[in-house]
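See below for work_23.tsv, which holds TSV, C-alpha atoms.
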chain	number	residue	atom	x	y	z
A	1	MET	CA	-5.85	-15.29	17.84
A	2	MET	CA	-8.60	-12.71	17.37
A	3	PRO	CA	-12.22	-13.87	16.94
A	4	GLY	CA	-13.99	-13.68	13.61
A	5	ALA	CA	-16.44	-10.90	12.85
A	6	MET	CA	-19.90	-10.26	11.46
A	7	VAL	CA	-20.57	-6.95	9.72
A	8	LEU	CA	-24.22	-5.92	9.61
A	9	ALA	CA	-24.75	-4.35	6.18
A	10	ALA	CA	-28.20	-5.49	5.02
A	11	GLY	CA	-30.34	-2.56	6.18
A	12	LEU	CA	-32.54	-0.52	3.86
A	13	GLY	CA	-30.94	2.79	4.88
A	14	THR	CA	-34.29	4.58	4.85
A	15	ARG	CA	-33.08	7.38	7.16
A	16	MET	CA	-30.24	8.11	4.74
A	17	ARG	CA	-32.50	8.80	1.75
A	18	PRO	CA	-32.17	10.17	-0.88
A	19	LEU	CA	-28.52	9.02	-0.75
A	20	THR	CA	-29.66	5.39	-0.55
A	21	ASP	CA	-32.22	5.53	-3.35
A	22	HIS	CA	-29.77	3.87	-5.74
A	23	VAL	CA	-26.90	2.64	-3.57
A	24	PRO	CA	-26.80	0.57	-0.35
A	25	LYS	CA	-25.92	2.52	2.75
A	26	PRO	CA	-22.59	0.68	3.34
A	27	LEU	CA	-21.31	2.08	0.03
A	28	ILE	CA	-21.94	5.69	1.01
A	29	LYS	CA	-18.61	7.47	1.29
A	30	VAL	CA	-17.50	9.38	4.38
A	31	ALA	CA	-14.62	11.71	3.56
A	32	GLY	CA	-13.93	9.72	0.39
A	33	ILE	CA	-14.03	6.21	1.88
A	34	SER	CA	-17.11	4.00	1.91
A	35	LEU	CA	-18.60	2.96	5.24
A	36	ILE	CA	-18.06	-0.73	4.50
A	37	ASP	CA	-14.39	-0.17	3.65
A	38	ARG	CA	-13.86	1.88	6.80
A	39	THR	CA	-15.36	-0.96	8.83
A	40	LEU	CA	-13.40	-3.73	7.13
A	41	ASP	CA	-10.16	-1.71	7.23
A	42	TRP	CA	-10.68	-1.25	10.98
A	43	LEU	CA	-11.24	-4.99	11.43
A	44	ALA	CA	-8.12	-5.82	9.42
A	45	ALA	CA	-6.02	-3.31	11.39
A	46	SER	CA	-7.26	-4.98	14.58
A	47	GLY	CA	-6.03	-8.39	13.41
A	48	ILE	CA	-9.31	-9.82	12.09
A	49	SER	CA	-8.54	-12.11	9.16
A	50	GLU	CA	-12.07	-13.25	8.26
A	51	ALA	CA	-15.43	-11.49	8.25
A	52	VAL	CA	-18.99	-12.34	7.30
A	53	VAL	CA	-21.01	-9.52	5.71
A	54	ASN	CA	-24.77	-9.80	5.29
A	55	SER	CA	-26.48	-8.25	2.27
A	56	TYR	CA	-30.03	-7.56	1.17
A	57	TYR	CA	-30.81	-4.09	-0.22
A	58	GLN	CA	-28.93	-3.49	-3.49
A	59	ALA	CA	-27.06	-6.71	-2.64
A	60	GLU	CA	-25.42	-7.06	-6.05
A	61	LEU	CA	-23.73	-3.66	-5.75
A	62	LEU	CA	-22.41	-4.38	-2.28
A	63	GLU	CA	-21.20	-7.86	-3.15
A	64	ALA	CA	-19.43	-6.66	-6.30
A	65	HIS	CA	-17.62	-4.06	-4.21
A	66	LEU	CA	-16.62	-6.61	-1.58
A	67	ALA	CA	-15.29	-9.00	-4.23
A	68	LYS	CA	-12.47	-6.53	-4.86
A	69	ARG	CA	-11.17	-6.73	-1.29
A	70	ALA	CA	-8.31	-8.99	-0.23
A	71	THR	CA	-8.30	-8.49	3.55
A	72	PRO	CA	-10.03	-9.46	5.63
A	73	LYS	CA	-11.36	-12.46	3.74
A	74	VAL	CA	-15.10	-11.82	3.27
A	75	GLN	CA	-17.92	-14.33	3.15
A	76	ILE	CA	-21.38	-13.14	2.14
A	77	SER	CA	-24.60	-14.03	3.93
A	78	ARG	CA	-27.23	-13.02	1.37
A	79	GLU	CA	-30.70	-12.44	2.81
A	80	THR	CA	-33.82	-12.95	0.71
A	81	THR	CA	-36.02	-11.02	3.12
A	82	VAL	CA	-35.46	-8.42	5.82
A	83	LEU	CA	-34.17	-10.26	8.90
A	84	GLU	CA	-33.12	-7.34	11.14
A	85	THR	CA	-30.03	-7.57	13.35
A	86	GLY	CA	-30.85	-10.75	15.26
A	87	GLY	CA	-32.26	-12.68	12.35
A	88	GLY	CA	-29.36	-11.66	10.13
A	89	ILE	CA	-26.76	-12.95	12.58
A	90	ARG	CA	-28.78	-16.10	13.25
A	91	GLN	CA	-28.75	-16.93	9.53
A	92	ALA	CA	-24.97	-16.37	9.38
A	93	LEU	CA	-24.09	-18.52	12.42
A	94	PRO	CA	-22.97	-21.52	10.30
A	95	LEU	CA	-20.32	-19.23	8.77
A	96	LEU	CA	-19.21	-17.85	12.15
A	97	GLY	CA	-18.43	-21.06	14.00
A	98	THR	CA	-18.93	-22.02	17.64
A	99	ALA	CA	-16.62	-19.51	19.36
A	100	PRO	CA	-17.45	-15.92	20.39
A	101	PHE	CA	-17.37	-13.47	17.47
A	102	PHE	CA	-17.48	-9.72	16.95
A	103	SER	CA	-20.55	-8.05	15.50
A	104	VAL	CA	-20.12	-4.57	14.02
A	105	ASN	CA	-22.69	-2.23	12.50
A	106	SER	CA	-21.54	-0.82	9.18
A	107	ASP	CA	-22.91	2.68	9.83
A	108	VAL	CA	-20.52	3.62	12.62
A	109	ILE	CA	-16.88	4.69	12.75
A	110	CYS	CA	-14.98	3.63	15.86
A	111	ILE	CA	-11.63	5.31	16.40
A	112	ASP	CA	-9.45	3.45	18.86
A	113	GLY	CA	-8.02	4.80	22.06
A	114	LYS	CA	-4.60	3.70	23.33
A	115	ILE	CA	-5.55	0.03	22.95
A	116	PRO	CA	-7.65	-1.11	19.97
A	117	ALA	CA	-11.27	-1.45	21.05
A	118	LEU	CA	-11.62	-4.97	19.67
A	119	HIS	CA	-8.56	-6.08	21.64
A	120	ARG	CA	-10.07	-4.54	24.78
A	121	LEU	CA	-13.32	-6.42	24.20
A	122	SER	CA	-11.48	-9.69	23.63
A	123	GLN	CA	-9.38	-9.22	26.79
A	124	ALA	CA	-12.44	-8.30	28.86
A	125	TRP	CA	-14.57	-11.22	27.69
A	126	ASP	CA	-16.17	-13.14	30.57
A	127	ASP	CA	-17.55	-16.50	29.52
A	128	THR	CA	-20.36	-16.22	32.05
A	129	ALA	CA	-21.89	-13.55	29.78
A	130	ASP	CA	-23.57	-14.00	26.41
A	131	ALA	CA	-22.63	-10.59	25.05
A	132	LEU	CA	-20.12	-7.83	25.73
A	133	LEU	CA	-21.21	-4.49	24.26
A	134	LEU	CA	-18.98	-1.51	23.55
A	135	VAL	CA	-20.76	1.62	24.79
A	136	HIS	CA	-19.83	5.28	24.44
A	137	PRO	CA	-20.66	8.40	26.47
A	138	VAL	CA	-23.58	10.20	24.85
A	139	ALA	CA	-21.98	13.56	25.60
A	140	ALA	CA	-18.96	12.70	23.43
A	141	ALA	CA	-20.78	10.98	20.54
A	142	VAL	CA	-20.60	12.49	17.04
A	143	GLY	CA	-23.74	12.38	14.89
A	144	TYR	CA	-25.97	11.05	17.67
A	145	ASP	CA	-28.69	13.14	19.27
A	146	GLY	CA	-30.75	10.49	21.07
A	147	PRO	CA	-31.42	10.08	24.81
A	148	GLY	CA	-28.92	7.24	25.31
A	149	ASP	CA	-29.49	3.53	25.86
A	150	PHE	CA	-27.87	2.38	29.08
A	151	PHE	CA	-26.58	3.01	32.55
A	152	LEU	CA	-23.28	1.25	33.29
A	153	ASP	CA	-21.80	0.50	36.70
A	154	ALA	CA	-18.11	0.10	37.52
A	155	GLY	CA	-18.31	-3.68	37.19
A	156	GLY	CA	-19.67	-3.60	33.65
A	157	THR	CA	-23.29	-4.38	34.51
A	158	LEU	CA	-25.78	-2.81	32.10
A	159	ARG	CA	-29.16	-1.31	32.95
A	160	ARG	CA	-31.58	-0.12	30.32
A	161	ARG	CA	-32.87	3.45	30.30
A	162	LEU	CA	-36.51	2.29	30.43
A	163	ASP	CA	-38.64	5.29	31.45
A	164	ALA	CA	-35.76	7.56	32.44
A	165	PRO	CA	-35.56	10.70	30.26
A	166	SER	CA	-31.95	9.99	29.40
A	167	ALA	CA	-29.04	7.63	30.00
A	168	PRO	CA	-25.32	8.43	29.84
A	169	PHE	CA	-24.23	5.69	27.43
A	170	VAL	CA	-25.17	4.75	23.87
A	171	PHE	CA	-24.51	1.37	22.25
A	172	THR	CA	-21.83	1.79	19.59
A	173	GLY	CA	-22.97	-1.09	17.39
A	174	VAL	CA	-19.77	-2.99	18.26
A	175	GLN	CA	-19.94	-6.07	20.45
A	176	LEU	CA	-18.58	-9.52	21.17
A	177	LEU	CA	-21.23	-12.25	21.12
A	178	HIS	CA	-21.36	-15.92	22.05
A	179	PRO	CA	-23.37	-18.13	19.67
A	180	ARG	CA	-25.35	-19.49	22.64
A	181	LEU	CA	-27.11	-16.11	22.79
A	182	PHE	CA	-29.08	-17.41	19.79
A	183	ASP	CA	-30.19	-20.64	21.44
A	184	HIS	CA	-33.99	-20.76	21.17
A	185	ALA	CA	-34.01	-17.57	19.09
A	186	PRO	CA	-37.19	-17.00	17.06
A	187	ASP	CA	-37.39	-17.72	13.37
A	188	GLY	CA	-37.43	-14.97	10.78
A	189	ALA	CA	-36.84	-11.29	11.50
A	190	PHE	CA	-36.06	-10.07	15.01
A	191	SER	CA	-33.89	-7.50	16.76
A	192	LEU	CA	-30.97	-8.43	18.96
A	193	ASN	CA	-32.81	-6.57	21.72
A	194	VAL	CA	-35.22	-9.52	21.89
A	195	LEU	CA	-32.31	-11.73	22.97
A	196	TYR	CA	-30.72	-9.15	25.27
A	197	ASN	CA	-34.01	-8.68	27.12
A	198	ARG	CA	-34.86	-12.34	27.76
A	199	GLU	CA	-33.61	-12.18	31.36
A	200	MET	CA	-34.04	-8.45	31.96
A	201	GLN	CA	-34.86	-7.58	35.58
A	202	SER	CA	-37.63	-5.22	36.63
A	203	ASP	CA	-35.13	-2.36	37.04
A	204	GLY	CA	-33.80	-2.86	33.51
A	205	THR	CA	-30.65	-4.78	34.50
A	206	LEU	CA	-29.43	-7.28	31.91
A	207	PRO	CA	-27.76	-10.12	33.90
A	208	ARG	CA	-26.00	-11.91	31.02
A	209	ILE	CA	-25.20	-8.84	28.92
A	210	ARG	CA	-22.08	-6.92	29.93
A	211	ALA	CA	-20.50	-3.73	28.62
A	212	LEU	CA	-17.18	-1.96	28.21
A	213	ARG	CA	-16.78	1.80	27.92
A	214	HIS	CA	-15.14	2.91	24.68
A	215	ASP	CA	-12.08	5.07	25.35
A	216	GLY	CA	-11.68	6.45	21.82
A	217	HIS	CA	-14.02	8.36	19.53
A	218	TRP	CA	-17.32	7.24	18.03
A	219	LEU	CA	-19.10	8.60	14.96
A	220	HIS	CA	-22.65	7.56	14.09
A	221	ILE	CA	-23.68	7.91	10.45
A	222	GLY	CA	-27.40	7.28	10.67
A	223	ASP	CA	-28.74	10.06	8.45
A	224	PRO	CA	-27.47	12.91	6.22
A	225	PRO	CA	-26.87	15.28	9.20
A	226	GLY	CA	-24.86	12.50	10.88
A	227	LEU	CA	-22.83	12.04	7.70
A	228	ALA	CA	-22.11	15.77	7.58
A	229	ALA	CA	-21.12	15.80	11.27
A	230	ALA	CA	-18.76	12.85	10.74
A	231	GLU	CA	-17.07	14.54	7.77
A	232	ARG	CA	-16.63	17.76	9.76
A	233	TRP	CA	-15.13	15.83	12.66
A	234	LEU	CA	-12.76	13.87	10.44
A	235	ALA	CA	-11.63	17.05	8.68
A	236	ALA	CA	-10.93	18.71	12.02
A	237	HIS	CA	-8.99	15.71	13.38
A	238	ARG	CA	-6.95	14.83	10.34
I need this file expressed as structure tokens, please.
Amino acid sequence: MMPGAMVLAAGLGTRMRPLTDHVPKPLIKVAGISLIDRTLDWLAASGISEAVVNSYYQAELLEAHLAKRATPKVQISRETTVLETGGGIRQALPLLGTAPFFSVNSDVICIDGKIPALHRLSQAWDDTADALLLVHPVAAAVGYDGPGDFFLDAGGTLRRRLDAPSAPFVFTGVQLLHPRLFDHAPDGAFSLNVLYNREMQSDGTLPRIRALRHDGHWLHIGDPPGLAAAERWLAAHR
């Protein structure tokens, strides 16, 4: 049985303005399909039957849209203040249970390789870790022009870029998390990076955070140029 999933959809979408002036970012359409529907369709196709979606900005619009969906079954975690990624998941933990669960950003499109990425993450899960991140080669990313996030060795050990000018892998926004990662988490708003970095070594190694290289395609829709790049890619790979 596949784990449940959390979809992060509560952001303000400031980098996507003016498109997000009157609509939440997850409802922006990419090649005719909203980001949130692309994410939930991908989860359903991967065998996920239940998902928690957090909401904040233009929450009523997002929740009305989600009410029309049948699969996966969606529960809403409404936020009354900005909680960021870590705080948003921490609030939703009572809806997610005590087993490991997927967390997926709603502003990315992951296209599977030969084996669905979520299945690969589930099969690769090592219970000695608190998180298993899906990472993608920067050189093959669509809509991403940053310096990268991580170095990754053959055994799946992650090392942060720190002061290096660049790193070969970017975090896709897709991961498998154990609820214990949130033990002793701070109250209120905080980034997941706060939890990842708790045991970070001086060289940037993250002992309890592992990673898996994505073997499909990854599209990042962070701003209008990223949206345009994603639509061009999708048109070319129809």
(request) Rank A:Asn105, A:Gln201, A:Thr71, A:Thr172 by their smallest atom-to-atom distance to Ala141 of chain A, using all atoms listed in the file, and report the top residue only. (result)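 With all atoms listed in the file as the atom set, the closest residue is A:Thr172.
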Got a sec: who's within 7 Å of segment 142-152 of chain A, counting all atoms listed in the file, leaving out chain neighbours fewer than 2 positions off, as a compact mmCIF listing (two decimals) with C-alpha atoms, in the coordinates of the input?
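Output file out.txt follows:
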# COMPACT_ATOMS: atom_id res chain seq x y z
CA VAL A 138 -23.58 10.20 24.85
CA ALA A 140 -18.96 12.70 23.43
CA ALA A 154 -18.11 0.10 37.52
CA GLY A 156 -19.67 -3.60 33.65
CA THR A 157 -23.29 -4.38 34.51
CA LEU A 158 -25.78 -2.81 32.10
CA ARG A 159 -29.16 -1.31 32.95
CA ARG A 160 -31.58 -0.12 30.32
CA ARG A 161 -32.87 3.45 30.30
CA PRO A 165 -35.56 10.70 30.26
CA SER A 166 -31.95 9.99 29.40
CA ALA A 167 -29.04 7.63 30.00
CA PRO A 168 -25.32 8.43 29.84
CA PHE A 169 -24.23 5.69 27.43
CA VAL A 170 -25.17 4.75 23.87
CA PHE A 171 -24.51 1.37 22.25
CA TRP A 218 -17.32 7.24 18.03
CA LEU A 219 -19.10 8.60 14.96
CA HIS A 220 -22.65 7.56 14.09
CA ILE A 221 -23.68 7.91 10.45
CA GLY A 226 -24.86 12.50 10.88
CA ALA A 229 -21.12 15.80 11.27
CA ALA A 230 -18.76 12.85 10.74
(request) Tell me, as a ChimeraX atom specification, which residues lie within 8 Å of Leu27 of chain A, counting only C-alpha atoms; anything in the same chain fewer than 4 positions away does not count. (result) /A:23,34-36,62
(message) One number please: atom CA of Val174 of chain A to atom CA of Gly4 of chain A, in Å, one decimal.
(response)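 Distance between the two atoms: 13.0 Å.
Straight-line separation from atom CA of Arg213 of chain A to atom CA of Glu199 of chain A: 22.1 Å.
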(request) Considering all atoms listed in the file, return as a ChimeraX atom specification whatever protein or nucleic-acid residues lie within 9 Å of Asp37 of chain A, sequence-local ones (same chain, fewer than 3 positions apart) excluded. (result) /A:26-27,33-34,40-42,66,69
Saved selection, atoms kept: C-alpha atoms, as a compact mmCIF listing (two decimals), in the frame of the given file:
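Saved as out-v1.txt:
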# COMPACT_ATOMS: atom_id res chain seq x y z
CA PRO A 26 -22.59 0.68 3.34
CA LEU A 27 -21.31 2.08 0.03
CA ILE A 33 -14.03 6.21 1.88
CA SER A 34 -17.11 4.00 1.91
CA LEU A 40 -13.40 -3.73 7.13
CA ASP A 41 -10.16 -1.71 7.23
CA TRP A 42 -10.68 -1.25 10.98
CA LEU A 66 -16.62 -6.61 -1.58
CA ARG A 69 -11.17 -6.73 -1.29
